[in-house]
$ cat work23.cif   # mmCIF, C-alpha atoms
data_query
#
loop_
_atom_site.label_atom_id
_atom_site.label_comp_id
_atom_site.auth_asym_id
_atom_site.auth_seq_id
_atom_site.Cartn_x
_atom_site.Cartn_y
_atom_site.Cartn_z
CA MET T 1 0.00 0.00 0.00
CA CYS T 2 1.13 3.52 -0.81
CA LYS T 3 1.93 5.73 2.17
CA LYS T 4 2.67 9.07 0.50
CA VAL T 5 2.39 10.33 -3.09
CA ALA T 6 4.52 13.08 -4.58
CA PHE T 7 3.66 14.99 -7.76
CA VAL T 8 6.29 16.31 -10.19
CA GLY T 9 5.83 17.61 -13.71
CA HIS T 10 6.84 20.03 -16.37
CA ARG T 11 6.00 23.68 -15.93
CA ASN T 12 3.54 23.45 -18.86
CA VAL T 13 1.01 20.68 -19.51
CA TRP T 14 0.31 20.10 -23.21
CA LYS T 15 -2.31 17.35 -22.87
CA ASP T 16 -5.67 17.13 -21.14
CA ILE T 17 -4.71 14.83 -18.28
CA ARG T 18 -6.81 16.20 -15.43
CA ASN T 19 -9.32 13.33 -15.51
CA LYS T 20 -6.52 10.74 -15.54
CA LEU T 21 -4.85 12.52 -12.63
CA TYR T 22 -8.13 12.68 -10.71
CA ASP T 23 -8.79 8.96 -11.28
CA ARG T 24 -5.28 7.97 -10.13
CA VAL T 25 -5.40 10.06 -6.97
CA LYS T 26 -8.89 8.76 -6.15
CA GLU T 27 -7.66 5.20 -6.71
CA TYR T 28 -4.78 5.72 -4.26
CA ILE T 29 -7.11 7.24 -1.67
CA GLU T 30 -9.48 4.30 -1.95
CA GLU T 31 -6.49 1.97 -1.45
CA GLY T 32 -5.73 3.79 1.81
CA CYS T 33 -3.16 6.42 0.82
CA MET T 34 -3.93 9.65 2.65
CA PHE T 35 -0.85 11.88 2.19
CA PHE T 36 -0.09 13.91 -0.96
CA THR T 37 2.71 16.41 -1.55
CA MET T 38 3.53 18.70 -4.47
CA GLY T 39 5.45 21.80 -5.43
CA THR T 40 4.16 25.20 -6.48
CA HIS T 41 5.99 26.15 -9.64
CA GLY T 42 4.11 24.81 -12.61
CA GLU T 43 0.85 23.95 -14.26
CA PHE T 44 1.12 20.28 -13.25
CA ASP T 45 1.70 21.28 -9.61
CA ARG T 46 -1.38 23.51 -9.69
CA MET T 47 -3.42 20.75 -11.32
CA ALA T 48 -2.32 18.21 -8.67
CA LEU T 49 -3.21 20.63 -5.88
CA SER T 50 -6.60 21.34 -7.45
CA VAL T 51 -7.39 17.62 -7.79
CA CYS T 52 -6.33 16.92 -4.19
CA ARG T 53 -8.40 19.82 -2.89
CA GLU T 54 -11.41 18.60 -4.83
CA LEU T 55 -11.02 15.06 -3.47
CA LYS T 56 -10.53 16.35 0.07
CA LYS T 57 -14.15 17.53 0.01
CA ARG T 58 -15.18 13.88 -0.34
CA TYR T 59 -12.35 12.20 1.56
CA LYS T 60 -11.90 14.45 4.60
CA ASP T 61 -8.95 12.53 6.08
CA ILE T 62 -6.47 13.14 3.28
CA LYS T 63 -3.50 15.39 4.03
CA ILE T 64 -2.19 17.83 1.43
CA GLU T 65 1.29 19.30 1.70
CA VAL T 66 2.70 21.99 -0.55
CA VAL T 67 6.48 22.38 -0.83
CA ILE T 68 7.57 25.99 -1.17
CA THR T 69 11.05 27.11 -2.15
CA SER T 70 10.85 30.69 -0.94
CA LEU T 71 9.23 32.44 1.99
CA THR T 72 7.99 35.13 -0.37
CA GLN T 73 5.41 32.60 -1.57
CA ILE T 74 3.60 32.84 1.79
CA ASN T 75 5.44 35.75 3.39
CA SER T 76 3.05 38.10 5.16
CA ASN T 77 -0.70 37.75 5.25
CA LEU T 78 -1.09 41.46 5.91
CA ASP T 79 -0.59 44.27 3.48
CA LEU T 80 0.64 47.76 4.45
CA ASN T 81 -2.88 48.81 5.47
CA GLY T 82 -3.27 45.88 7.87
CA SER T 83 -5.74 44.08 5.60
CA GLU T 84 -5.35 40.36 5.12
CA LYS T 85 -3.96 39.32 1.75
CA TYR T 86 -4.97 36.17 -0.09
CA ASN T 87 -2.91 33.16 0.98
CA PRO T 88 -3.21 30.43 -1.68
CA TYR T 89 -2.07 27.74 0.77
CA SER T 90 -4.14 28.59 3.84
CA ASP T 91 -6.10 25.33 3.55
CA VAL T 92 -3.08 23.00 3.23
CA SER T 93 0.16 22.29 5.07
CA THR T 94 3.30 23.92 3.75
CA VAL T 95 6.87 22.77 4.09
CA MET T 96 10.10 24.40 3.06
CA TYR T 97 13.15 22.17 2.87
CA ASN T 98 16.58 23.44 3.79
CA THR T 99 17.70 24.87 0.46
CA GLU T 100 19.07 28.12 1.83
CA GLU T 101 22.63 27.39 0.69
CA GLU T 102 21.55 26.36 -2.82
CA HIS T 103 21.79 28.60 -5.86
CA PHE T 104 18.30 29.93 -6.63
CA LYS T 105 18.19 27.89 -9.87
CA ARG T 106 18.80 24.64 -7.93
CA LYS T 107 16.29 25.19 -5.13
CA ILE T 108 13.45 23.47 -7.00
CA VAL T 109 15.65 20.51 -7.97
CA VAL T 110 16.85 20.01 -4.39
CA SER T 111 13.33 20.48 -3.00
CA ASN T 112 11.99 17.90 -5.45
CA GLN T 113 14.65 15.42 -4.35
CA GLN T 114 13.89 15.98 -0.68
CA MET T 115 10.17 15.64 -1.37
CA ILE T 116 10.77 12.36 -3.22
CA ASP T 117 12.86 11.11 -0.29
CA THR T 118 9.72 11.24 1.89
CA CYS T 119 7.47 9.33 -0.54
CA ASP T 120 7.01 5.86 -1.96
CA THR T 121 4.98 6.81 -5.06
CA LEU T 122 5.43 9.47 -7.74
CA ILE T 123 2.66 10.63 -10.03
CA CYS T 124 4.27 12.71 -12.72
CA TYR T 125 3.93 14.40 -16.07
CA VAL T 126 7.38 13.97 -17.60
CA ASP T 127 8.56 13.67 -21.18
CA THR T 128 11.22 10.99 -20.68
CA LYS T 129 12.82 11.87 -24.03
CA ARG T 130 14.01 15.17 -22.57
CA THR T 131 17.60 15.32 -21.40
CA TYR T 132 17.43 18.38 -19.17
CA GLY T 133 15.08 20.19 -16.81
CA GLY T 134 13.83 19.85 -13.28
CA ALA T 135 11.03 17.39 -14.05
CA ILE T 136 13.30 14.88 -15.81
CA LEU T 137 15.89 15.19 -13.02
CA ALA T 138 13.19 14.47 -10.42
CA TYR T 139 11.88 11.54 -12.48
CA LYS T 140 15.37 10.00 -12.76
CA TYR T 141 15.95 10.56 -9.04
CA ALA T 142 12.68 8.77 -8.21
CA LEU T 143 13.68 5.88 -10.49
CA LYS T 144 17.03 5.61 -8.72
CA LYS T 145 15.26 5.64 -5.32
CA GLY T 146 12.93 2.83 -6.42
CA LEU T 147 9.64 4.69 -6.16
CA SER T 148 6.53 3.38 -7.83
CA ILE T 149 6.02 5.79 -10.74
CA ILE T 150 2.89 6.68 -12.70
CA ASN T 151 3.77 8.91 -15.66
CA LEU T 152 0.75 10.63 -17.20
CA PHE T 153 2.73 12.20 -20.07
#
$ encode --input "work23.cif" --output "structure tokens"
Amino acid sequence: MCKKVAFVGHRNVWKDIRNKLYDRVKEYIEEGCMFFTMGTHGEFDRMALSVCRELKKRYKDIKIEVVITSLTQINSNLDLNGSEKYNPYSDVSTVMYNTEEEHFKRKIVVSNQQMIDTCDTLICYVDTKRTYGGAILAYKYALKKGLSIINLF
């Protein structure tokens, strides 16, 4: 049984995969998986978060975690006038891995690796013919770690 699912994908999604993603996540929930984690930097991440939020309405016990790479993503909830700003992650848990020493261009790569280290399953949207990019690096890292991988590409 799956304990925790991570989501990784390209910044842009070129195919209509939302229904496939929804069905896979629902399948994992019905098999007993209750913990889902994803990043915040691309269309696939946003789609995964949207699907998990939608399923949380039906399956109240699932836990959703969003990995951020910068405090500016959730910095202050108050603007200069003291009014509350919109916080896109107020309904989910957030985590920020220790990437402080990393070059800003490597923060996502390192965060993806640390996220994968906490999971046993990866649902991804990765063109495996690519030779560079954060999504392919995360995919190869998950392969090396022996994760169960579902590629929706």
$ resolve_selection --input "work23.cif" --expression "the PyMOL selection byres ((chain T and resi 142) around 12)" --output "PyMOL selection string"
chain T and resi 5-8+112-124+126+135-141+143-151
$ closest_residue --input "work23.cif" --among "T:Phe44, T:Glu31, T:Phe36, T:Tyr97" --to "Phe153 in chain T" --atoms "all atoms listed in the file"
T:Phe44
$ closest_residue --input "work23.cif" --among "T:Lys129, T:Arg46, T:Lys57, T:Arg106" --to "Arg18 in chain T" --atoms "only C-alpha atoms"
T:Arg46
$ closest_residue --input "work23.cif" --among "T:Gly39, T:Gly133, T:Asp127, T:Lys60" --to "Thr94 in chain T" --atoms "all atoms listed in the file"
T:Gly39
$ residues_near_point --input "work23.cif" --point "(-9.3, 19.1, -1.9)" --cutoff "12 Å" --atoms "only C-alpha atoms" --output "number ranges by chain"
T: 22, 25-26, 34-36, 46-65, 89, 91-92
